Amino acid sequence: MPINAAGRDVPETLAGKSLRTYQGAFGTVPNGHRAGGPRKTLRPGVVKLTPSLGEALKNAGLANGMTLSFHHAFRNGDLLVGQVVDTCAQMGIGELRLVPTALFPCHEQLLGHIQAGVVNRIEGSLNGPLGAYVSRGGGMASPPILRSHGGRWRAIASGEVHIDIACVAASCADPYGNATGIQGPNACGPIGFSAIDARCADHVVVVTDHLLPYPALPPEIEQGFVDQVVVVDRVGDPAGIVTGTLRIPRSPTQLRIAQLAVDAVKGAGLVKDGMSFQAGAGGVSLAATDFLAQEMARSAVRGAFAIGGTTRFLVEMLRDGLIGAILDGQAFDGEAVASLRENPQHYPITPGFYADYDALGCATYKLDFAFLGGTEVDLDFNVNVNTHSDGQLLHGIGGHQDVAAGAHVTVITIPTLRGRIPTIRDRVTTVTTPGEVVDLIVTEQGVAVNPRRQDLADDLRSAGLPVRSIEELKAGAERMVGKAKHPVFGDEIVAAIQWRDGTVIDVVRKTEGWS
């Protein structure tokens with residue numbers, strides 16, 4: 001097998017299809033033209049409302065082997081994927097390919113449908129039980145393909161992935177198909193993930209539990225791309241959008257990492273008027289966002305914008321005038337959803353605006369810095385976010401690759417140990433994000449600077465920060481718990497990790513224990 005630019009063995013073919021191997025973060029030059037859905041027209045007076053999911057799928061021409069797509073704005077509160085696949089099973093349909101933006105523990109019911117042959121392919125991030133099933137060699141016709149948010153948008157827009165039926169969960173819609181996730185009693189936040197599905201799919205079904213009179217404004221999914229509208233009892237539970245506890249952690253280790261991360265971007269001269277940043281919703285990221293807000297207030301600094309996944313911490317920064325705008329791809333709590341409704345400077349964006357590789361600009365390219373996490377890092381600054389150190393496939397990519405590739409300074413916050421397992425390894429179990437786009441690794445023991453960024457190393461030392469080599473951080477962890485164990489893998493490939501340009505940066509193999 002060829003060795004790609006990330007140093008990983010990647011096959012030339014997988015399940016009978018040729019693979020393009022990773023050539024570097026910006027090694028691919030796109031060519032050809034964008035894909036699009038079929039040309040259609042509609043006469044005045046035609047009614048799009050359809051009484052049931054079953055009838056809508058029948059009208060859409062549902063057949064064996066089709067590709068159905070979904071978004072994940074409801075996250076672990078999603079109900080639509082299960083409703084649709086249950087309906088397909090009742091109709092005797094099988095061999096479906098699902099292309100969700102992500103699947104969560106709430107989708108565990110899909111395991112039965114996979115085993116029954118209703119679903120035999122998945123291309124989308126896998127979290128929880130589905131990831132564990134795949135890691136053990138759970139049988140499907142072909143291994144899942146995992147993509148970043150921007151990578152999925154690119155794959156559909158380029159025609160790499162063709163969608164037969166797009167099923168769009170909307171917390172609010174009108175009978176003509178204008179839809180959003182920002183309004184309604186079960187509002188979940190932006191649903192722009194599905195905007196590319198609506199533009200390119202053969203058939204689009206908007207599913208809502210809150211129907212408004214025409215027009216439902218402003219629409220994230222527009223009427224001109226929607227074939228049918230279905231009203232169900234409940235399309236999702238907004239309580240499921242909450243990630244973790246959404247509280248500042250109490251752990252001294254996590255707080256130390258968060259403070260060091262903020263000290264690092266300050267030391268690099270990035271905390272200044274007009275700055276831009278992205279931070280996630282994990283505990284360390286929340287603490288870093290809070291510490292950053294305190295530093296900005298002390299220094300009378302006002303940032304231009306922040307990008308979310310948005311939590312109340314970013315919303316408070318907007319309300320306090322510390323940032324001028326939020327560009328929001330998804331909401332992680334109710335405060336974020338409410339702010340989207342109330343504040344015009346809190347603006348919903350699509351993954352295309354955010355991170356499409358095949359585009360003449362991405363919002364992520366305008367970031368001064370970003371705080372990101374990971375399950376592992378290695379001596380080459382590669383980051384793993386998909387598997388744990390035991391090789392189990394339990395997490396999706398999200399925007400990790402997209403943000404790391406775009407930000408001027410990418411900061412990975414990670415403890416040196418999780419439990420008694422070192423997180424800094426000779427080689428990560430799986431490469432999700434390559435070291436060439438990672439600048440700083442911040443642990444409780446200190447900050448490692450990528451050798452590509454000697455400018456940052458000089459700045460941080462001048463600021464009096466504890467700069468350590470990545471080898472020193474690894475050795476420090478091993479002095480406490482010994483050298484890390486390594487998982488044993490079989491030959492069977494159970495998933496492929498795409499880089500945001502569509503090349504394969506790594507594969508995941510079936511786990512068979514520890515060495």
# chains A, B, ... in the order shown; residues from 1 in each chain; ligands from 1

$ select_by_dssp --residues "stretch 1-128 of chain A" --states "strand (DSSP E or B)" --output "ChimeraX atom specification"
/A:3,9,13-14,17-18,21,49-50,67-70,78,96-100,102-103,119-123,125-126

$ write_last_selection --atoms "N, CA and C atoms" --output "PDB file, in the first residue's frame"
ATOM      1  N   ILE A   3       2.307   4.974   0.834  1.00  0.00           N
ATOM      2  CA  ILE A   3       2.402   5.826   2.019  1.00  0.00           C
ATOM      3  C   ILE A   3       2.028   7.236   1.590  1.00  0.00           C
ATOM      4  N   ASP A   9      -0.243   4.226   5.800  1.00  0.00           N
ATOM      5  CA  ASP A   9      -0.525   3.240   4.760  1.00  0.00           C
ATOM      6  C   ASP A   9      -1.995   3.331   4.373  1.00  0.00           C
ATOM      7  N   THR A  13      -7.490   1.130  -3.329  1.00  0.00           N
ATOM      8  CA  THR A  13      -8.925   0.901  -3.530  1.00  0.00           C
ATOM      9  C   THR A  13      -9.544   0.445  -2.220  1.00  0.00           C
ATOM     10  N   LEU A  14     -10.844   0.679  -2.086  1.00  0.00           N
ATOM     11  CA  LEU A  14     -11.588   0.239  -0.908  1.00  0.00           C
ATOM     12  C   LEU A  14     -12.993  -0.103  -1.351  1.00  0.00           C
ATOM     13  N   LYS A  17     -13.680   0.633  -4.958  1.00  0.00           N
ATOM     14  CA  LYS A  17     -13.605   2.005  -5.463  1.00  0.00           C
ATOM     15  C   LYS A  17     -12.196   2.558  -5.264  1.00  0.00           C
ATOM     16  N   SER A  18     -11.727   3.316  -6.239  1.00  0.00           N
ATOM     17  CA  SER A  18     -10.407   3.919  -6.155  1.00  0.00           C
ATOM     18  C   SER A  18     -10.401   5.016  -5.096  1.00  0.00           C
ATOM     19  N   THR A  21      -5.134   9.456  -2.405  1.00  0.00           N
ATOM     20  CA  THR A  21      -4.384   9.524  -1.156  1.00  0.00           C
ATOM     21  C   THR A  21      -3.981  10.963  -0.837  1.00  0.00           C
ATOM     22  N   LEU A  49     -47.711  19.924   0.989  1.00  0.00           N
ATOM     23  CA  LEU A  49     -47.955  19.188   2.233  1.00  0.00           C
ATOM     24  C   LEU A  49     -48.345  17.748   1.939  1.00  0.00           C
ATOM     25  N   THR A  50     -47.692  16.817   2.613  1.00  0.00           N
ATOM     26  CA  THR A  50     -47.943  15.393   2.436  1.00  0.00           C
ATOM     27  C   THR A  50     -48.293  14.804   3.797  1.00  0.00           C
ATOM     28  N   THR A  67     -29.707   6.536  -1.668  1.00  0.00           N
ATOM     29  CA  THR A  67     -28.941   7.317  -0.693  1.00  0.00           C
ATOM     30  C   THR A  67     -29.841   8.363  -0.071  1.00  0.00           C
ATOM     31  N   LEU A  68     -29.932   8.345   1.263  1.00  0.00           N
ATOM     32  CA  LEU A  68     -30.738   9.297   2.022  1.00  0.00           C
ATOM     33  C   LEU A  68     -29.811  10.141   2.899  1.00  0.00           C
ATOM     34  N   SER A  69     -30.100  11.428   3.001  1.00  0.00           N
ATOM     35  CA  SER A  69     -29.241  12.298   3.800  1.00  0.00           C
ATOM     36  C   SER A  69     -30.017  12.976   4.921  1.00  0.00           C
ATOM     37  N   PHE A  70     -29.266  13.368   5.957  1.00  0.00           N
ATOM     38  CA  PHE A  70     -29.829  14.001   7.152  1.00  0.00           C
ATOM     39  C   PHE A  70     -28.800  14.985   7.716  1.00  0.00           C
ATOM     40  N   ASP A  78     -31.921  14.061  18.093  1.00  0.00           N
ATOM     41  CA  ASP A  78     -32.538  13.835  16.783  1.00  0.00           C
ATOM     42  C   ASP A  78     -33.538  12.679  16.832  1.00  0.00           C
ATOM     43  N   LEU A  96     -29.862   0.578   1.919  1.00  0.00           N
ATOM     44  CA  LEU A  96     -29.789   2.028   1.864  1.00  0.00           C
ATOM     45  C   LEU A  96     -28.407   2.521   2.272  1.00  0.00           C
ATOM     46  N   ARG A  97     -28.012   3.622   1.649  1.00  0.00           N
ATOM     47  CA  ARG A  97     -26.830   4.348   2.097  1.00  0.00           C
ATOM     48  C   ARG A  97     -27.301   5.606   2.810  1.00  0.00           C
ATOM     49  N   LEU A  98     -26.829   5.809   4.037  1.00  0.00           N
ATOM     50  CA  LEU A  98     -27.149   7.015   4.787  1.00  0.00           C
ATOM     51  C   LEU A  98     -25.955   7.966   4.732  1.00  0.00           C
ATOM     52  N   VAL A  99     -26.255   9.246   4.476  1.00  0.00           N
ATOM     53  CA  VAL A  99     -25.213  10.275   4.461  1.00  0.00           C
ATOM     54  C   VAL A  99     -25.626  11.365   5.445  1.00  0.00           C
ATOM     55  N   PRO A 100     -25.478  11.090   6.742  1.00  0.00           N
ATOM     56  CA  PRO A 100     -25.783  12.107   7.751  1.00  0.00           C
ATOM     57  C   PRO A 100     -24.572  13.007   7.973  1.00  0.00           C
ATOM     58  N   ALA A 102     -23.771  13.692  10.989  1.00  0.00           N
ATOM     59  CA  ALA A 102     -23.222  12.948  12.130  1.00  0.00           C
ATOM     60  C   ALA A 102     -24.333  12.100  12.732  1.00  0.00           C
ATOM     61  N   LEU A 103     -23.923  10.984  13.340  1.00  0.00           N
ATOM     62  CA  LEU A 103     -24.836  10.131  14.088  1.00  0.00           C
ATOM     63  C   LEU A 103     -24.370  10.086  15.540  1.00  0.00           C
ATOM     64  N   VAL A 119     -30.060  -0.880   6.143  1.00  0.00           N
ATOM     65  CA  VAL A 119     -28.952   0.047   5.901  1.00  0.00           C
ATOM     66  C   VAL A 119     -27.688  -0.773   5.706  1.00  0.00           C
ATOM     67  N   ASN A 120     -26.967  -0.527   4.616  1.00  0.00           N
ATOM     68  CA  ASN A 120     -25.713  -1.269   4.444  1.00  0.00           C
ATOM     69  C   ASN A 120     -24.505  -0.381   4.156  1.00  0.00           C
ATOM     70  N   ARG A 121     -24.713   0.929   4.161  1.00  0.00           N
ATOM     71  CA  ARG A 121     -23.584   1.858   4.002  1.00  0.00           C
ATOM     72  C   ARG A 121     -23.899   3.133   4.785  1.00  0.00           C
ATOM     73  N   ILE A 122     -22.850   3.700   5.392  1.00  0.00           N
ATOM     74  CA  ILE A 122     -22.978   4.986   6.096  1.00  0.00           C
ATOM     75  C   ILE A 122     -21.772   5.842   5.723  1.00  0.00           C
ATOM     76  N   GLU A 123     -22.025   7.075   5.338  1.00  0.00           N
ATOM     77  CA  GLU A 123     -20.954   8.033   5.102  1.00  0.00           C
ATOM     78  C   GLU A 123     -21.253   9.255   5.963  1.00  0.00           C
ATOM     79  N   SER A 125     -20.056  10.988  10.243  1.00  0.00           N
ATOM     80  CA  SER A 125     -19.396  10.769  11.530  1.00  0.00           C
ATOM     81  C   SER A 125     -20.217   9.856  12.420  1.00  0.00           C
ATOM     82  N   LEU A 126     -19.514   8.976  13.140  1.00  0.00           N
ATOM     83  CA  LEU A 126     -20.148   7.989  14.011  1.00  0.00           C
ATOM     84  C   LEU A 126     -19.715   8.247  15.443  1.00  0.00           C
TER      85      LEU A 126
END

$ residues_around --residues "A:Asp426" --least-positions-apart "6" --cutoff "12 Å" --atoms "only C-alpha atoms" --output "list in words"
Glu376, Val377, Asp378, Leu379, Asp380, Phe381, Asn382, Val383, Ile470, Glu471, Leu473, Lys474, Ala475, Glu478, Lys483, Ala484, Lys485 and His486 of chain A

$ residues_around --residues "A:Asn386" --least-positions-apart "5" --cutoff "12 Å" --atoms "only C-alpha atoms" --output "ChimeraX atom specification"
/A:124-128,131-132,135,145-148,373-377,391-398,400-401,428-433,495-498,506-508

$ atom_distance --atom1 "atom CA of A:Asp227" --atom2 "atom CA of A:Gly177"
7.6 Å

$ select_by_dssp --residues "stretch 92-143 of chain A" --states "helix (DSSP H, G or I)" --output "PyMOL selection string"
chain A and resi 105-107+110-115+129-135

$ write_last_selection --atoms "C-alpha atoms" --output "short mmCIF file (atom, residue, chain, number, x, y, z; two decimals), in the first residue's frame"
data_model
loop_
_atom_site.label_atom_id
_atom_site.label_comp_id
_atom_site.auth_asym_id
_atom_site.auth_seq_id
_atom_site.Cartn_x
_atom_site.Cartn_y
_atom_site.Cartn_z
CA PRO A 105 -25.87 7.58 20.68
CA CYS A 106 -29.58 8.34 20.13
CA HIS A 107 -29.25 6.55 16.79
CA LEU A 110 -29.86 1.80 13.50
CA LEU A 111 -27.83 -1.21 14.62
CA GLY A 112 -30.88 -3.43 14.15
CA HIS A 113 -31.50 -1.97 10.70
CA ILE A 114 -27.87 -2.56 9.71
CA GLN A 115 -28.06 -6.16 10.84
CA PRO A 129 -22.56 2.64 19.89
CA LEU A 130 -22.46 2.81 16.09
CA GLY A 131 -18.77 3.66 16.15
CA ALA A 132 -18.07 0.82 18.57
CA TYR A 133 -20.02 -1.60 16.35
CA VAL A 134 -18.02 -0.60 13.28
CA SER A 135 -14.74 -0.88 15.23
#

$ closest_residue --among "A:Asp491, A:Asp86, A:Asp263, A:Asp439" --to "A:Val409" --atoms "only C-alpha atoms"
A:Asp439
